[in-house]
Amino acid sequence: MVYKDYWALGAWYRHYARLLGADALYIVAHGADPEVQRICPGASVWTIPRDDLSHFDRRRSELLNGFQAGLLASYDWVIRTDVDEVICTDPRVGTLQQIFAAAGRVPVLTALGLDLVEQAEDRPLRDGFWRTRKNVSFTGHYSKAFAHSKPVNLTLHGTKVRLQKLAGFPFVMPEGVYLVHLKYANLTALEQVNADRIAISTTGQKGLPGAGWREADADAARFLESFRAKPVLPWHKARAKAFRALSNDPMRSERLGVVKARALKFPFRTVLPDWFETFE
């Protein structure tokens with residue numbers, strides 16, 4: 001689902017069109033915008049009204065969960081990500097299609113999350129996205145449920161589960177599958193995204209996103225300052241630490257009725273291995 005955020009949309013489209021084909025991509029445009037179809041030729045674009053933003057997150061979640069459930073009539077697996085998120089798989093573990101085949105009928109898969117962050121020394125993006133953006137930190141918050149094979153409700157980065165099934169609901173994070181969060185990969189584009197979010201959050205309508213949108217600029221500044229202060233570990237060590245911490249013992253919240261990865265923060269960052277460049 002997208003509103004403006006054209007740079008991220010272009011990166012999202014190019015990534016998934018190469019992996020899956022444009023005809024397998026579905027975009028929900030939040031408000032009529034011909035630019036979405038121009039950026040994403042061949043994708044299916046579904047436009048919904050933008051005249052009422054009240055209870056934004058709840059209504060968006062209900063809409064997308066229903067849409068996903070409908071797509072399962074035609075597909076074995078449905079992937080859902082935000083516009084600034086791309087799924088990458090280590091070539092040593094296989095393609096997305098091979099990951100799904102190995103998973104069988106597990107209802108939901110979760111990916112290990114990464115924040116990809118632009119640095120002052122990075123070359124311009126025109127030199128190649130994965131060749132010029134290498135600095136990342138692992139994140140429990142963006143270790144999200146990203147694909148499902150059965151109609152389930154995704155919410156709060158996890159899966160909504162009835163209380164009686166909460167303890168036994170399968171939590172599966174395949175090794176070598178990463179959700180790369182692109183919010184901080186283009187700081188120029190982020191300025192416009194933050195301005196849009198601040199404007200939306202201050203309209204006074206009920207149920208809008210909270211402080212993360214109202215204080216988007218300050219939130220980004222805090223994140224970037226924290227990121228720069230972290231020591232750099234080699235990829236294999238950082239990855240192993242994060243995967244070990246997040247792939248088991250998920251949060252099973254009775255209050256929320258959600259199974260999800262724990263929102264852990266790690267006191268280190270790392271650099272992407274060269275195999276990510278195969279996604280150019």
# chains A, B, ... in the order shown; residues from 1 in each chain; ligands from 1
>>> select_by_dssp(residues="segment 62-161 of chain A", states="strand (DSSP E or B)", output="ChimeraX atom specification")
/A:78-79,85-89,108-110,112-116,135-139,145-148,153-155,158-160
>>> closest_residue(among="A:Trp235, A:Phe129, A:Phe146, A:Phe243", to="Thr278 of chain A", atoms="only C-alpha atoms")
A:Phe129
>>> closest_atom_pairs(of="segment 158-252 of chain A", to="segment 92-95 of chain A", cutoff="10 Å", atoms="only C-alpha atoms", output="CSV")
residue,atom,partner,partner_atom,distance
A:Pro174,CA,A:Val93,CA,9.2
A:Glu175,CA,A:Val93,CA,7.6
A:Gly176,CA,A:Val93,CA,6.2
A:Val177,CA,A:Val93,CA,8.4
>>> write_last_selection(atoms="all heavy atoms", output="CSV table (one decimal), in the first residue's frame")
chain,number,residue,atom,x,y,z
A,174,PRO,N,12.9,-18.8,8.4
A,174,PRO,CA,13.9,-19.6,7.7
A,174,PRO,C,15.3,-18.9,7.7
A,174,PRO,O,15.4,-17.7,7.5
A,174,PRO,CB,13.3,-19.6,6.2
A,174,PRO,CG,11.9,-19.2,6.4
A,174,PRO,CD,11.8,-18.3,7.5
A,175,GLU,N,16.3,-19.6,7.8
A,175,GLU,CA,17.7,-19.1,7.7
A,175,GLU,C,18.0,-18.6,6.3
A,175,GLU,O,17.6,-19.2,5.3
A,175,GLU,CB,18.7,-20.1,8.1
A,175,GLU,CG,20.1,-19.5,8.3
A,175,GLU,CD,20.9,-20.3,9.4
A,175,GLU,OE1,20.4,-21.3,9.8
A,175,GLU,OE2,22.0,-19.8,9.7
A,176,GLY,N,18.6,-17.4,6.2
A,176,GLY,CA,19.0,-16.8,4.9
A,176,GLY,C,17.9,-16.0,4.3
A,176,GLY,O,18.1,-15.7,3.1
A,177,VAL,N,16.8,-15.7,5.0
A,177,VAL,CA,15.8,-14.8,4.4
A,177,VAL,C,15.7,-13.5,5.2
A,177,VAL,O,15.6,-13.5,6.4
A,177,VAL,CB,14.4,-15.5,4.5
A,177,VAL,CG1,13.3,-14.7,3.9
A,177,VAL,CG2,14.4,-16.9,3.8
>>> closest_residue(among="A:Phe276, A:Trp7, A:Phe268, A:Trp77", to="Pro107 of chain A", atoms="only C-alpha atoms")
A:Trp77
>>> residues_around(residues="Asp196 of chain A", least_positions_apart="6", cutoff="12 Å", atoms="only C-alpha atoms", output="VMD selection string")
chain A and resid 3 to 5 189 to 190 202 to 203 213 to 217
>>> write_last_selection(atoms="N, CA and C atoms", output="PDB file, in the first residue's frame")
ATOM      1  N   TYR A   3       1.290   5.701  -0.567  1.00  0.00           N
ATOM      2  CA  TYR A   3       0.888   7.083  -0.802  1.00  0.00           C
ATOM      3  C   TYR A   3       2.166   7.869  -1.071  1.00  0.00           C
ATOM      4  N   LYS A   4       2.307   8.329  -2.325  1.00  0.00           N
ATOM      5  CA  LYS A   4       3.544   9.002  -2.745  1.00  0.00           C
ATOM      6  C   LYS A   4       4.736   8.062  -2.506  1.00  0.00           C
ATOM      7  N   ASP A   5       5.777   8.506  -1.794  1.00  0.00           N
ATOM      8  CA  ASP A   5       6.964   7.682  -1.521  1.00  0.00           C
ATOM      9  C   ASP A   5       7.476   7.032  -2.804  1.00  0.00           C
ATOM     10  N   ALA A 189      15.050  11.383   0.047  1.00  0.00           N
ATOM     11  CA  ALA A 189      13.651  10.958  -0.089  1.00  0.00           C
ATOM     12  C   ALA A 189      12.960  10.905   1.260  1.00  0.00           C
ATOM     13  N   LEU A 190      13.696  10.556   2.306  1.00  0.00           N
ATOM     14  CA  LEU A 190      13.111  10.460   3.644  1.00  0.00           C
ATOM     15  C   LEU A 190      12.572  11.807   4.118  1.00  0.00           C
ATOM     16  N   THR A 202      -1.214  15.339  11.906  1.00  0.00           N
ATOM     17  CA  THR A 202      -1.686  16.554  12.579  1.00  0.00           C
ATOM     18  C   THR A 202      -3.013  17.062  12.013  1.00  0.00           C
ATOM     19  N   THR A 203      -3.750  16.198  11.287  1.00  0.00           N
ATOM     20  CA  THR A 203      -5.049  16.608  10.729  1.00  0.00           C
ATOM     21  C   THR A 203      -6.159  16.603  11.757  1.00  0.00           C
ATOM     22  N   TRP A 213       4.917   9.189  13.655  1.00  0.00           N
ATOM     23  CA  TRP A 213       4.577  10.040  12.509  1.00  0.00           C
ATOM     24  C   TRP A 213       4.568  11.509  12.905  1.00  0.00           C
ATOM     25  N   ARG A 214       4.008  11.843  14.066  1.00  0.00           N
ATOM     26  CA  ARG A 214       3.952  13.245  14.492  1.00  0.00           C
ATOM     27  C   ARG A 214       5.343  13.842  14.645  1.00  0.00           C
ATOM     28  N   GLU A 215       6.293  13.016  15.094  1.00  0.00           N
ATOM     29  CA  GLU A 215       7.666  13.481  15.343  1.00  0.00           C
ATOM     30  C   GLU A 215       8.639  12.753  14.420  1.00  0.00           C
ATOM     31  N   ALA A 216       8.257  12.618  13.155  1.00  0.00           N
ATOM     32  CA  ALA A 216       9.029  11.791  12.219  1.00  0.00           C
ATOM     33  C   ALA A 216      10.462  12.288  12.054  1.00  0.00           C
ATOM     34  N   ASP A 217      10.670  13.586  11.955  1.00  0.00           N
ATOM     35  CA  ASP A 217      12.031  14.110  11.776  1.00  0.00           C
ATOM     36  C   ASP A 217      12.903  13.817  12.990  1.00  0.00           C
TER      37      ASP A 217
END
>>> decode(residues="segment 111-128 of chain A", atoms="N, CA and C atoms", output="short mmCIF file (atom, residue, chain, number, x, y, z; two decimals), in the first residue's frame")
data_model
loop_
_atom_site.label_atom_id
_atom_site.label_comp_id
_atom_site.auth_asym_id
_atom_site.auth_seq_id
_atom_site.Cartn_x
_atom_site.Cartn_y
_atom_site.Cartn_z
N ALA A 111 10.73 -13.06 8.34
CA ALA A 111 12.09 -12.78 7.84
C ALA A 111 12.90 -12.03 8.89
N LEU A 112 14.20 -12.28 8.90
CA LEU A 112 15.11 -11.54 9.77
C LEU A 112 15.27 -10.11 9.23
N GLY A 113 15.04 -9.12 10.08
CA GLY A 113 14.98 -7.73 9.62
C GLY A 113 16.29 -6.98 9.67
N LEU A 114 16.46 -6.08 8.70
CA LEU A 114 17.64 -5.22 8.59
C LEU A 114 17.21 -3.80 8.26
N ASP A 115 17.82 -2.81 8.89
CA ASP A 115 17.70 -1.42 8.45
C ASP A 115 18.91 -1.10 7.59
N LEU A 116 18.68 -0.67 6.34
CA LEU A 116 19.75 -0.27 5.44
C LEU A 116 19.87 1.25 5.52
N VAL A 117 21.08 1.75 5.80
CA VAL A 117 21.24 3.15 6.19
C VAL A 117 22.28 3.85 5.33
N GLU A 118 21.88 4.96 4.72
CA GLU A 118 22.80 5.79 3.94
C GLU A 118 23.85 6.41 4.85
N GLN A 119 25.11 6.42 4.38
CA GLN A 119 26.20 7.05 5.10
C GLN A 119 26.79 8.19 4.27
N ALA A 120 27.47 9.11 4.94
CA ALA A 120 27.98 10.30 4.26
C ALA A 120 28.94 9.94 3.13
N GLU A 121 29.66 8.84 3.27
CA GLU A 121 30.65 8.46 2.26
C GLU A 121 30.06 7.65 1.11
N ASP A 122 28.78 7.32 1.16
CA ASP A 122 28.17 6.50 0.12
C ASP A 122 28.12 7.23 -1.22
N ARG A 123 28.33 6.48 -2.30
CA ARG A 123 28.22 7.04 -3.64
C ARG A 123 26.75 7.27 -3.99
N PRO A 124 26.46 8.07 -5.02
CA PRO A 124 25.07 8.31 -5.40
C PRO A 124 24.35 7.02 -5.79
N LEU A 125 23.06 6.99 -5.58
CA LEU A 125 22.27 5.80 -5.86
C LEU A 125 22.30 5.42 -7.34
N ARG A 126 22.56 6.38 -8.21
CA ARG A 126 22.58 6.06 -9.64
C ARG A 126 23.71 5.09 -9.99
N ASP A 127 24.69 4.92 -9.09
CA ASP A 127 25.79 3.99 -9.33
C ASP A 127 25.40 2.54 -9.02
N GLY A 128 24.15 2.32 -8.64
CA GLY A 128 23.69 0.97 -8.33
C GLY A 128 23.30 0.85 -6.88
#
